[in-house]
$ cat upload23.cif   # mmCIF, C-alpha atoms
data_coords
loop_
_atom_site.label_atom_id
_atom_site.label_comp_id
_atom_site.auth_asym_id
_atom_site.auth_seq_id
_atom_site.Cartn_x
_atom_site.Cartn_y
_atom_site.Cartn_z
CA MET A 1 0.00 0.00 0.00
CA LYS A 2 2.54 2.47 -1.01
CA THR A 3 0.32 4.30 -3.38
CA LYS A 4 -0.53 7.84 -2.47
CA SER A 5 -3.48 8.16 -4.74
CA LYS A 6 -6.45 9.90 -3.24
CA ILE A 7 -8.88 7.15 -4.19
CA ASN A 8 -7.42 4.62 -1.81
CA VAL A 9 -7.59 7.00 1.10
CA ALA A 10 -11.36 6.80 1.10
CA TYR A 11 -11.14 3.15 2.20
CA PHE A 12 -9.37 4.09 5.38
CA SER A 13 -10.61 6.02 8.29
CA PRO A 14 -11.21 9.74 8.09
CA LEU A 15 -8.10 11.77 8.47
CA ASP A 16 -7.11 12.83 11.90
CA LYS A 17 -5.70 16.19 12.67
CA GLY A 18 -2.22 16.57 11.49
CA GLU A 19 -2.54 13.92 8.85
CA ARG A 20 -1.99 15.26 5.46
CA GLU A 21 -4.41 14.50 2.76
CA GLY A 22 -3.06 12.08 0.25
CA VAL A 23 -0.72 10.53 2.80
CA VAL A 24 -1.61 7.14 4.13
CA THR A 25 -0.76 6.76 7.76
CA LEU A 26 -0.28 3.18 8.82
CA ARG A 27 -1.62 2.75 12.35
CA PRO A 28 -0.31 0.08 14.63
CA THR A 29 -2.56 -2.91 15.00
CA PRO A 30 -4.19 -3.01 18.44
CA PRO A 31 -2.50 -5.37 20.94
CA ARG A 32 -4.03 -8.83 21.02
CA LEU A 33 -6.05 -9.46 24.14
CA PRO A 34 -5.57 -12.83 25.80
CA SER A 35 -7.82 -15.41 24.26
CA TYR A 36 -8.00 -19.16 24.32
CA GLU A 37 -6.78 -19.33 20.75
CA GLY A 38 -3.73 -17.39 21.69
CA ARG A 39 -2.60 -19.73 24.43
CA LYS A 40 -0.66 -22.88 24.09
CA SER A 41 -3.23 -24.82 26.12
CA ALA A 42 -6.72 -23.81 27.20
CA ALA A 43 -6.87 -23.39 31.01
CA PHE A 44 -8.09 -21.08 33.74
CA THR A 45 -5.89 -18.61 35.48
CA LEU A 46 -5.41 -19.00 39.21
CA ILE A 47 -7.66 -16.00 39.92
CA GLU A 48 -10.46 -17.37 37.77
CA LEU A 49 -10.22 -20.72 39.50
CA LEU A 50 -10.27 -19.18 42.98
CA ILE A 51 -13.31 -17.04 42.21
CA ALA A 52 -15.17 -19.97 40.67
CA MET A 53 -14.37 -22.21 43.63
CA GLY A 54 -15.39 -19.47 46.05
CA ILE A 55 -18.77 -19.00 44.40
CA PHE A 56 -19.25 -22.76 44.26
CA ALA A 57 -18.40 -23.11 47.96
CA VAL A 58 -20.89 -20.40 48.94
CA PHE A 59 -23.56 -22.00 46.78
CA ILE A 60 -22.97 -25.47 48.23
CA THR A 61 -23.04 -24.09 51.78
CA ILE A 62 -26.41 -22.45 51.22
CA ILE A 63 -27.90 -25.52 49.56
CA THR A 64 -26.58 -27.79 52.30
CA GLY A 65 -28.10 -25.55 54.95
CA VAL A 66 -31.46 -25.59 53.19
CA PHE A 67 -31.49 -29.37 52.88
CA THR A 68 -30.30 -29.95 56.42
CA ASN A 69 -33.17 -27.81 57.60
CA PHE A 70 -35.52 -29.70 55.32
CA ILE A 71 -34.41 -33.06 56.73
CA GLN A 72 -34.84 -31.82 60.30
CA VAL A 73 -38.34 -30.55 59.58
CA GLN A 74 -39.17 -33.83 57.89
CA ARG A 75 -37.89 -35.89 60.83
CA HIS A 76 -39.86 -33.72 63.20
CA ALA A 77 -43.02 -34.21 61.16
CA ILE A 78 -42.52 -37.97 60.99
CA ALA A 79 -41.87 -38.25 64.75
CA GLN A 80 -44.98 -36.20 65.48
CA GLY A 81 -47.00 -38.32 63.06
CA GLN A 82 -45.85 -41.48 64.81
CA LEU A 83 -46.72 -39.98 68.18
CA ILE A 84 -50.23 -39.08 67.02
CA SER A 85 -50.68 -42.49 65.45
CA ASP A 86 -49.55 -44.19 68.65
CA MET A 87 -51.82 -42.08 70.85
CA ARG A 88 -54.74 -42.70 68.50
CA SER A 89 -54.33 -46.47 68.53
CA ALA A 90 -53.99 -46.55 72.34
CA MET A 91 -57.08 -44.38 72.72
CA GLU A 92 -58.95 -46.57 70.27
CA ALA A 93 -58.05 -49.71 72.23
CA PHE A 94 -59.06 -48.11 75.52
CA ILE A 95 -62.28 -46.55 74.17
CA LYS A 96 -63.43 -49.77 72.53
CA GLU A 97 -62.97 -51.81 75.69
CA ALA A 98 -64.44 -49.20 78.04
CA ARG A 99 -67.42 -48.58 75.75
CA THR A 100 -68.34 -52.24 75.55
CA GLY A 101 -67.63 -52.73 79.26
CA TYR A 102 -70.07 -52.39 82.13
CA GLY A 103 -70.62 -48.73 82.99
CA SER A 104 -71.80 -49.61 86.47
CA THR A 105 -68.30 -50.92 87.31
CA TYR A 106 -66.33 -47.87 86.11
CA ALA A 107 -63.93 -46.70 88.82
CA ALA A 108 -61.12 -44.18 88.56
CA GLU A 109 -58.28 -44.68 91.01
CA GLY A 110 -55.81 -41.86 90.52
CA ASP A 111 -53.94 -42.43 87.30
CA ALA A 112 -55.63 -45.81 86.86
CA VAL A 113 -59.08 -46.81 85.69
CA VAL A 114 -60.70 -50.15 86.30
CA PHE A 115 -63.88 -51.76 84.99
CA VAL A 116 -65.41 -55.06 83.98
CA ASN A 117 -65.31 -55.60 80.23
CA GLN A 118 -67.85 -57.40 78.08
CA ASN A 119 -66.25 -60.79 78.84
CA ASN A 120 -66.69 -60.18 82.59
CA ASP A 121 -62.92 -59.72 82.98
CA CYS A 122 -61.52 -57.12 85.35
CA ILE A 123 -59.48 -54.66 83.26
CA THR A 124 -57.04 -52.01 84.49
CA PHE A 125 -55.51 -49.23 82.40
CA ARG A 126 -52.67 -47.17 83.84
CA VAL A 127 -49.27 -45.65 83.10
CA ILE A 128 -46.17 -47.59 84.05
CA ASP A 129 -42.68 -46.32 83.14
CA GLY A 130 -44.08 -43.86 80.64
CA GLN A 131 -46.10 -46.43 78.77
CA PHE A 132 -49.87 -46.76 78.63
CA LYS A 133 -50.52 -50.32 79.84
CA ARG A 134 -53.45 -52.66 80.18
CA ALA A 135 -53.91 -55.54 82.60
CA ASP A 136 -56.47 -58.32 82.38
CA ALA A 137 -57.09 -59.91 85.79
CA GLY A 138 -59.82 -62.27 84.60
CA GLU A 139 -63.05 -62.69 86.53
CA GLN A 140 -62.77 -61.28 90.03
CA ASP A 141 -65.11 -61.16 92.99
CA VAL A 142 -64.12 -57.56 93.58
CA CYS A 143 -62.70 -55.71 90.60
CA SER A 144 -60.04 -53.26 91.73
CA ALA A 145 -57.03 -51.73 89.99
CA GLU A 146 -53.95 -53.87 89.56
CA ASP A 147 -50.74 -52.76 91.24
CA SER A 148 -48.21 -51.41 88.81
CA ASP A 149 -45.77 -54.23 89.61
CA SER A 150 -48.27 -56.82 88.46
CA ASN A 151 -46.95 -58.87 85.57
CA ARG A 152 -50.40 -58.88 84.00
CA PHE A 153 -49.66 -55.52 82.37
CA SER A 154 -48.86 -55.28 78.70
CA PRO A 155 -48.18 -51.99 76.88
CA ILE A 156 -50.53 -50.49 74.34
CA THR A 157 -48.19 -47.66 73.31
CA SER A 158 -44.78 -48.04 71.70
CA LYS A 159 -41.46 -47.41 73.41
CA ALA A 160 -40.90 -44.32 71.24
CA THR A 161 -43.85 -42.64 72.97
CA GLU A 162 -43.63 -41.37 76.52
CA ILE A 163 -46.83 -40.75 78.46
CA ILE A 164 -46.21 -37.77 80.71
CA GLY A 165 -49.73 -37.32 81.98
CA LEU A 166 -52.75 -39.56 82.37
CA GLU A 167 -55.83 -38.73 84.36
CA PHE A 168 -59.12 -40.57 84.63
CA SER A 169 -62.31 -39.26 86.14
CA ILE A 170 -65.96 -40.31 86.36
CA PRO A 171 -67.91 -37.05 85.85
CA VAL A 172 -71.29 -38.82 85.84
CA ASP A 173 -72.26 -42.43 86.25
CA ARG A 174 -71.17 -44.71 83.42
CA VAL A 175 -68.89 -42.09 81.84
CA ILE A 176 -65.09 -42.08 81.92
CA THR A 177 -63.22 -38.90 81.03
CA ILE A 178 -59.64 -39.52 79.98
CA LYS A 179 -56.99 -36.82 79.71
CA LEU A 180 -53.82 -38.00 78.07
CA THR A 181 -50.57 -36.11 77.49
CA ALA A 182 -47.78 -37.76 75.57
CA THR A 183 -44.56 -36.81 73.89
CA SER A 184 -42.04 -38.52 71.67
CA LYS A 185 -38.70 -39.64 73.04
CA LYS A 186 -37.09 -38.00 70.02
CA ASP A 187 -35.91 -34.48 70.73
CA GLY A 188 -37.93 -31.43 70.04
CA ILE A 189 -41.41 -32.90 69.83
CA PRO A 190 -43.84 -30.78 71.85
CA PRO A 191 -46.23 -32.81 74.02
CA ILE A 192 -49.75 -33.41 72.77
CA SER A 193 -52.71 -33.34 75.16
CA ILE A 194 -56.03 -34.91 74.27
CA GLN A 195 -59.23 -35.34 76.16
CA ASN A 196 -62.12 -37.64 75.47
CA SER A 197 -65.05 -39.18 77.28
CA ILE A 198 -66.50 -42.63 76.88
CA THR A 199 -70.06 -43.65 77.59
CA SER A 200 -70.76 -47.28 78.31
CA ARG A 201 -73.04 -49.06 75.84
CA GLN A 202 -73.88 -51.69 78.45
CA MET A 203 -77.11 -50.45 79.95
CA GLU A 204 -77.59 -53.35 82.33
CA PRO A 205 -75.71 -53.15 85.62
CA TYR A 206 -73.01 -55.77 85.98
CA ALA A 207 -74.02 -58.85 87.92
CA GLN A 208 -71.43 -61.48 88.60
CA ASN A 209 -71.95 -65.00 87.24
CA GLN A 210 -74.79 -63.79 85.08
CA MET B 1 -11.48 -12.17 14.54
CA ILE B 2 -9.41 -10.76 17.30
CA MET B 3 -11.46 -11.77 20.35
CA GLN B 4 -14.63 -13.75 20.89
CA ASN B 5 -16.93 -12.58 23.69
CA LYS B 6 -17.57 -15.66 25.86
CA GLY B 7 -19.62 -13.98 28.67
CA PHE B 8 -23.35 -14.34 29.33
CA THR B 9 -25.88 -12.02 27.80
CA LEU B 10 -28.24 -10.15 30.05
CA VAL B 11 -31.15 -12.38 29.01
CA GLU B 12 -29.22 -15.51 29.88
CA VAL B 13 -28.31 -14.12 33.29
CA LEU B 14 -31.93 -13.16 33.99
CA ILE B 15 -33.22 -16.58 32.96
CA GLY B 16 -30.58 -18.31 35.07
CA LEU B 17 -31.35 -16.17 38.09
CA SER B 18 -35.09 -16.70 37.80
CA ILE B 19 -34.67 -20.49 37.61
CA ALA B 20 -32.39 -20.47 40.66
CA THR B 21 -34.86 -18.27 42.54
CA ALA B 22 -37.80 -20.47 41.61
CA ALA B 23 -35.94 -23.55 42.87
CA ALA B 24 -35.00 -21.87 46.15
CA VAL B 25 -38.53 -20.56 46.71
CA SER B 26 -40.11 -23.96 46.02
CA VAL B 27 -37.77 -25.68 48.48
CA ALA B 28 -38.49 -23.05 51.13
CA TYR B 29 -42.21 -23.37 50.49
CA THR B 30 -42.05 -27.14 50.84
CA ILE B 31 -40.31 -26.81 54.20
CA ALA B 32 -42.85 -24.30 55.44
CA ASN B 33 -45.69 -26.47 54.17
CA THR B 34 -44.37 -29.58 55.93
CA ASN B 35 -44.48 -27.70 59.20
CA LYS B 36 -47.95 -26.42 58.48
CA VAL B 37 -49.34 -29.84 57.56
CA ALA B 38 -47.78 -31.48 60.63
CA ASP B 39 -49.24 -28.80 62.87
CA ALA B 40 -52.66 -29.05 61.25
CA GLY B 41 -52.64 -32.82 61.75
CA LYS B 42 -51.95 -32.40 65.46
CA GLN B 43 -54.69 -29.80 65.93
CA THR B 44 -57.20 -31.90 64.00
CA PHE B 45 -56.36 -34.91 66.15
CA ILE B 46 -57.04 -32.99 69.36
CA ALA B 47 -60.18 -31.37 67.96
CA THR B 48 -61.59 -34.69 66.75
CA ASN B 49 -61.26 -36.15 70.24
CA LEU B 50 -62.98 -33.12 71.74
CA ALA B 51 -65.79 -33.26 69.19
CA HIS B 52 -66.25 -36.95 69.88
CA GLU B 53 -66.40 -36.21 73.58
CA GLY B 54 -69.26 -33.79 72.91
CA LEU B 55 -71.27 -36.58 71.30
CA GLU B 56 -70.49 -39.01 74.09
CA LEU B 57 -71.52 -36.56 76.79
CA THR B 58 -74.79 -35.92 74.97
CA ARG B 59 -75.37 -39.66 74.82
CA ALA B 60 -74.63 -39.89 78.54
CA LEU B 61 -77.09 -37.08 79.12
CA ARG B 62 -79.77 -38.98 77.23
CA ASP B 63 -79.18 -42.13 79.24
CA ASP B 64 -78.90 -40.18 82.46
CA ILE B 65 -82.30 -38.55 81.90
CA TRP B 66 -83.91 -41.92 81.50
CA PHE B 67 -82.11 -43.44 84.42
CA THR B 68 -82.93 -40.61 86.77
CA GLU B 69 -86.27 -39.37 85.50
CA GLY B 70 -87.74 -42.55 84.13
CA VAL B 71 -89.63 -43.15 80.92
CA GLN B 72 -90.48 -40.11 78.89
CA GLU B 73 -94.14 -39.83 77.99
CA ASP B 74 -93.86 -38.27 74.56
CA ALA B 75 -91.61 -39.17 71.71
CA ASP B 76 -90.63 -35.56 71.08
CA TRP B 77 -87.84 -35.41 73.56
CA SER B 78 -85.08 -33.19 72.30
CA ASP B 79 -86.24 -30.46 74.66
CA GLU B 80 -85.36 -32.74 77.54
CA ILE B 81 -81.70 -32.59 76.61
CA VAL B 82 -80.38 -29.17 77.36
CA VAL B 83 -76.79 -28.55 76.45
CA SER B 84 -75.22 -27.59 79.70
CA GLU B 85 -72.15 -25.48 80.23
CA ASP B 86 -70.22 -28.60 81.10
CA ILE B 87 -70.54 -30.04 77.63
CA ASN B 88 -69.23 -26.91 75.96
CA LYS B 89 -66.43 -26.44 78.43
CA THR B 90 -63.27 -27.52 76.76
CA ILE B 91 -60.43 -27.47 79.20
CA ILE B 92 -57.62 -29.94 79.02
CA PHE B 93 -56.02 -30.80 82.34
CA ASP B 94 -57.84 -27.94 84.02
CA GLN B 95 -55.20 -25.52 82.79
CA ASP B 96 -55.91 -22.36 80.93
CA PRO B 97 -58.79 -22.61 78.52
CA THR B 98 -57.48 -24.11 75.33
CA GLU B 99 -57.72 -22.59 71.90
CA PHE B 100 -60.48 -25.11 71.10
CA ILE B 101 -64.12 -24.12 71.42
CA ARG B 102 -66.74 -26.83 71.33
CA THR B 103 -70.35 -26.25 70.40
CA VAL B 104 -72.92 -29.03 70.70
CA MET B 105 -76.21 -28.52 68.88
CA ILE B 106 -79.24 -30.76 69.34
CA THR B 107 -82.21 -30.65 66.99
CA GLN B 108 -85.23 -32.84 66.48
CA ASP B 109 -84.97 -35.04 63.40
CA ASP B 110 -87.39 -33.86 60.70
CA ASP B 111 -88.46 -37.30 59.49
CA HIS B 112 -88.49 -39.38 62.65
CA ASP B 113 -89.76 -38.24 66.01
CA GLU B 114 -87.75 -40.86 67.85
CA TYR B 115 -84.42 -39.44 66.64
CA ILE B 116 -82.51 -36.34 67.53
CA ASN B 117 -79.61 -34.99 65.50
CA VAL B 118 -76.56 -34.10 67.52
CA THR B 119 -73.88 -31.94 65.95
CA SER B 120 -70.59 -31.46 67.75
CA LYS B 121 -68.37 -28.79 66.30
CA VAL B 122 -64.93 -27.76 67.49
CA ASP B 123 -63.45 -24.48 66.26
CA TRP B 124 -59.90 -23.32 66.60
CA THR B 125 -57.48 -20.90 65.01
CA SER B 126 -54.40 -22.31 63.36
CA ALA B 127 -50.92 -20.92 63.89
CA ARG B 128 -51.33 -18.94 60.69
CA GLY B 129 -54.51 -17.35 61.94
CA GLU B 130 -56.89 -19.36 59.77
CA GLY B 131 -60.14 -20.48 61.31
CA LYS B 132 -60.47 -24.26 61.30
CA ASN B 133 -63.12 -26.63 62.55
CA VAL B 134 -64.06 -30.26 62.92
CA GLU B 135 -67.74 -31.13 62.84
CA ILE B 136 -69.20 -34.56 63.53
CA LYS B 137 -72.85 -35.55 63.61
CA GLU B 138 -74.75 -38.37 65.18
CA LYS B 139 -78.37 -39.48 65.43
CA LEU B 140 -79.47 -40.51 68.91
CA TYR B 141 -82.37 -42.87 69.20
CA ASN B 142 -85.03 -42.64 71.86
CA TRP B 143 -84.86 -46.31 72.81
CA TYR B 144 -87.01 -45.85 75.91
CA VAL B 145 -90.10 -44.75 74.04
CA THR B 146 -91.84 -46.89 71.47
CA PRO B 147 -92.99 -44.51 68.76
CA THR B 148 -96.71 -44.60 68.08
CA PRO B 149 -97.36 -46.05 64.61
#
$ encode --input "upload23.cif" --output "structure tokens"
Amino acid sequence: MKTKSKINVAYFSPLDKGEREGVVTLRPTPPRLPSYEGRKSAAFTLIELLIAMGIFAVFITIITGVFTNFIQVQRHAIAQGQLISDMRSAMEAFIKEARTGYGSTYAAEGDAVVFVNQNNDCITFRVIDGQFKRADAGEQDVCSAEDSDSNRFSPITSKATEIIGLEFSIPVDRVITIKLTATSKKDGIPPISIQNSITSRQMEPYAQNQ
Amino acid sequence: MIMQNKGFTLVEVLIGLSIATAAAVSVAYTIANTNKVADAGKQTFIATNLAHEGLELTRALRDDIWFTEGVQEDADWSDEIVVSEDINKTIIFDQDPTEFIRTVMITQDDDHDEYINVTSKVDWTSARGEGKNVEIKEKLYNWYVTPTP
């Protein structure tokens, strides 16, 4: 491009100040910025790597925190569900037996309740070592609550559930009111209190050897 | 070609951010929802027991009337059962009144004189301030009175 003809000048940039018309000024090519093509092998610089790892670490920390929280909430929900399920089944067992039992024999003795069930067996429900337990003493002349050291007791709640409060009362004849508070042995489960009353379906008073 | 621009465009960044945000929000929502569902299950469990107790106490009241006052003359007997304060009192372990309020309603059955309809309803307010309730119904039969044909 040694020609100085005016025609060729039009293909270049407009003339700057100080450039004479008709003279082609050759400008230096801009310096090449670093690019992957320009390197011998494609790789990250140390700074790029550190920044990327830093962002990744922050991201992983946040995600891990979220999922740890999620797992804890989930465990809590499951433990509470098991507690409710356990309380419900124990209540169901107690209600069924008390309802079909003889209302005239209902007697509340502190944290224990005793009555004669539909098979004329003397039944005691009470709490022993944090478990809701039931004892069947068979036919008795006088039906009274079993002592807690009796080996007739068998649990109707699981070992994961701890009964922390049980109260029976007879507000009117042939009605048992039960107040039950239980919690899970797993940490962080708030106790659940329920209250229910059972009316006997046996209208006839209990007579032995009937 | 001197240099190729390998960065993200603004649109790509926005899309990426919105996806990440949506994922984070959905996870957070799931966690919050798990808590809410677990809590609702517990409250419903307590309320169901209380509602059931309302029905049982009404039944006891029916039987008690007959045991203490004898045979009722007329078959229209729902007036005999008056819901007392005791039935609506909902106190667990004699502590502070609970958040649960029980209402027992007794009405004469429209089709059969020998039945009454008992509705036991328990209202409470959830942790989020929503009003919730459990309502159970039962028909009680007047077994002491033979209805006139």
$ closest_residue --input "upload23.cif" --among "B:Lys139, B:Arg62, B:Lys36, B:Lys6" --to "Ser120 in chain B" --atoms "only C-alpha atoms"
B:Lys139
$ resolve_selection --input "upload23.cif" --expression "the PyMOL selection byres ((chain A) within 6 of (chain B))" --output "short mmCIF file (atom, residue, chain, number, x, y, z; two decimals) with C-alpha atoms, in the frame of the given file"
data_model
loop_
_atom_site.label_atom_id
_atom_site.label_comp_id
_atom_site.auth_asym_id
_atom_site.auth_seq_id
_atom_site.Cartn_x
_atom_site.Cartn_y
_atom_site.Cartn_z
CA PHE A 70 -35.52 -29.70 55.32
CA ALA A 77 -43.02 -34.21 61.16
CA ILE A 194 -56.03 -34.91 74.27
CA ASN A 196 -62.12 -37.64 75.47
CA SER A 197 -65.05 -39.18 77.28
CA THR A 199 -70.06 -43.65 77.59
#
$ residues_near_point --input "upload23.cif" --point "(-40.7, -41.8, 84.5)" --cutoff "10 Å" --atoms "all atoms listed in the file" --output "PyMOL selection string"
chain A and resi 127-131+162-164
$ atom_distance --input "upload23.cif" --atom1 "CA of Ile101 in chain B" --atom2 "CA of Phe168 in chain A"
21.7 Å
$ atom_distance --input "upload23.cif" --atom1 "CA of Asn119 in chain A" --atom2 "CA of Met87 in chain A"
24.9 Å
$ resolve_selection --input "upload23.cif" --expression "the PyMOL selection byres ((chain A and resi 86) around 10)" --output "list in words"
Gln80, Gly81, Gln82, Leu83, Ile84, Ser85, Met87, Arg88, Ser89, Ala90, Met91, Glu92, Ile156, Thr157, Ser158, Lys159, Ala160, Thr161, Ala182 and Ser184 of chain A
$ resolve_selection --input "upload23.cif" --expression "the PyMOL selection byres ((chain A and resi 138) around 7)" --output "list in words"
Asp121, Cys122, Asp136, Ala137, Glu139 and Gln140 of chain A
$ write_last_selection --input "upload23.cif" --atoms "C-alpha atoms" --output "CSV table (one decimal), in the coordinates of the input"
chain,number,residue,atom,x,y,z
A,121,ASP,CA,-62.9,-59.7,83.0
A,122,CYS,CA,-61.5,-57.1,85.4
A,136,ASP,CA,-56.5,-58.3,82.4
A,137,ALA,CA,-57.1,-59.9,85.8
A,139,GLU,CA,-63.0,-62.7,86.5
A,140,GLN,CA,-62.8,-61.3,90.0
$ atom_distance --input "upload23.cif" --atom1 "CA of Phe125 in chain A" --atom2 "CA of Asp111 in chain A"
8.5 Å
$ residues_around --input "upload23.cif" --residues "Lys132 in chain B" --least-positions-apart "5" --cutoff "10 Å" --atoms "only C-alpha atoms" --output "PDB file with C-alpha atoms, keeping the file's coordinate frame"
ATOM      1  CA  ALA B  40     -52.660 -29.050  61.250  1.00  0.00           C
ATOM      2  CA  GLN B  43     -54.690 -29.800  65.930  1.00  0.00           C
ATOM      3  CA  THR B  44     -57.200 -31.900  64.000  1.00  0.00           C
ATOM      4  CA  ALA B  47     -60.180 -31.370  67.960  1.00  0.00           C
ATOM      5  CA  PHE B 100     -60.480 -25.110  71.100  1.00  0.00           C
ATOM      6  CA  VAL B 122     -64.930 -27.760  67.490  1.00  0.00           C
ATOM      7  CA  ASP B 123     -63.450 -24.480  66.260  1.00  0.00           C
ATOM      8  CA  TRP B 124     -59.900 -23.320  66.600  1.00  0.00           C
ATOM      9  CA  THR B 125     -57.480 -20.900  65.010  1.00  0.00           C
ATOM     10  CA  SER B 126     -54.400 -22.310  63.360  1.00  0.00           C
TER      11      SER B 126
END
$ residues_around --input "upload23.cif" --residues "Gln108 in chain B" --least-positions-apart "2" --cutoff "7 Å" --atoms "only C-alpha atoms" --output "ChimeraX atom specification"
/B:78,106,110,115-117
$ residues_around --input "upload23.cif" --residues "Ile170 in chain A" --least-positions-apart "6" --cutoff "7 Å" --atoms "only C-alpha atoms" --output "PyMOL selection string"
chain A and resi 108+176-177
$ build_atoms --input "upload23.cif" --residues "range 132-151 of chain A" --atoms "N, CA and C atoms" --output "short mmCIF file (atom, residue, chain, number, x, y, z; two decimals), in the frame of the given file"
data_model
loop_
_atom_site.label_atom_id
_atom_site.label_comp_id
_atom_site.auth_asym_id
_atom_site.auth_seq_id
_atom_site.Cartn_x
_atom_site.Cartn_y
_atom_site.Cartn_z
N PHE A 132 -48.47 -46.50 78.35
CA PHE A 132 -49.87 -46.76 78.63
C PHE A 132 -50.04 -48.28 78.62
N LYS A 133 -50.47 -48.85 79.77
CA LYS A 133 -50.52 -50.32 79.84
C LYS A 133 -51.89 -50.81 80.28
N ARG A 134 -52.16 -52.03 79.91
CA ARG A 134 -53.45 -52.66 80.18
C ARG A 134 -53.21 -53.98 80.89
N ALA A 135 -54.02 -54.27 81.91
CA ALA A 135 -53.91 -55.54 82.60
C ALA A 135 -55.27 -56.23 82.60
N ASP A 136 -55.25 -57.52 82.36
CA ASP A 136 -56.47 -58.32 82.38
C ASP A 136 -56.36 -59.29 83.55
N ALA A 137 -57.19 -59.08 84.59
CA ALA A 137 -57.09 -59.91 85.79
C ALA A 137 -58.08 -61.07 85.76
N GLY A 138 -58.82 -61.21 84.65
CA GLY A 138 -59.82 -62.27 84.60
C GLY A 138 -61.01 -61.95 85.49
N GLU A 139 -61.86 -62.93 85.70
CA GLU A 139 -63.05 -62.69 86.53
C GLU A 139 -62.65 -62.58 88.00
N GLN A 140 -63.12 -61.54 88.64
CA GLN A 140 -62.77 -61.28 90.03
C GLN A 140 -64.05 -61.08 90.84
N ASP A 141 -63.98 -61.44 92.11
CA ASP A 141 -65.11 -61.16 92.99
C ASP A 141 -65.26 -59.65 93.18
N VAL A 142 -64.14 -59.02 93.47
CA VAL A 142 -64.12 -57.56 93.58
C VAL A 142 -63.11 -57.04 92.57
N CYS A 143 -63.60 -56.21 91.65
CA CYS A 143 -62.70 -55.71 90.60
C CYS A 143 -62.06 -54.42 91.06
N SER A 144 -60.76 -54.47 91.35
CA SER A 144 -60.04 -53.26 91.73
C SER A 144 -58.75 -53.18 90.91
N ALA A 145 -58.18 -51.97 90.87
CA ALA A 145 -57.03 -51.73 89.99
C ALA A 145 -55.84 -52.59 90.37
N GLU A 146 -55.16 -53.08 89.34
CA GLU A 146 -53.95 -53.87 89.56
C GLU A 146 -52.82 -52.97 90.04
N ASP A 147 -51.95 -53.51 90.89
CA ASP A 147 -50.74 -52.76 91.24
C ASP A 147 -49.83 -52.70 90.03
N SER A 148 -49.02 -51.61 90.01
CA SER A 148 -48.21 -51.41 88.81
C SER A 148 -47.10 -52.45 88.66
N ASP A 149 -46.81 -53.19 89.75
CA ASP A 149 -45.77 -54.23 89.61
C ASP A 149 -46.37 -55.57 89.17
N SER A 150 -47.67 -55.58 88.92
CA SER A 150 -48.27 -56.82 88.46
C SER A 150 -47.74 -57.18 87.08
N ASN A 151 -47.47 -58.47 86.88
CA ASN A 151 -46.95 -58.87 85.57
C ASN A 151 -48.07 -59.11 84.57
#
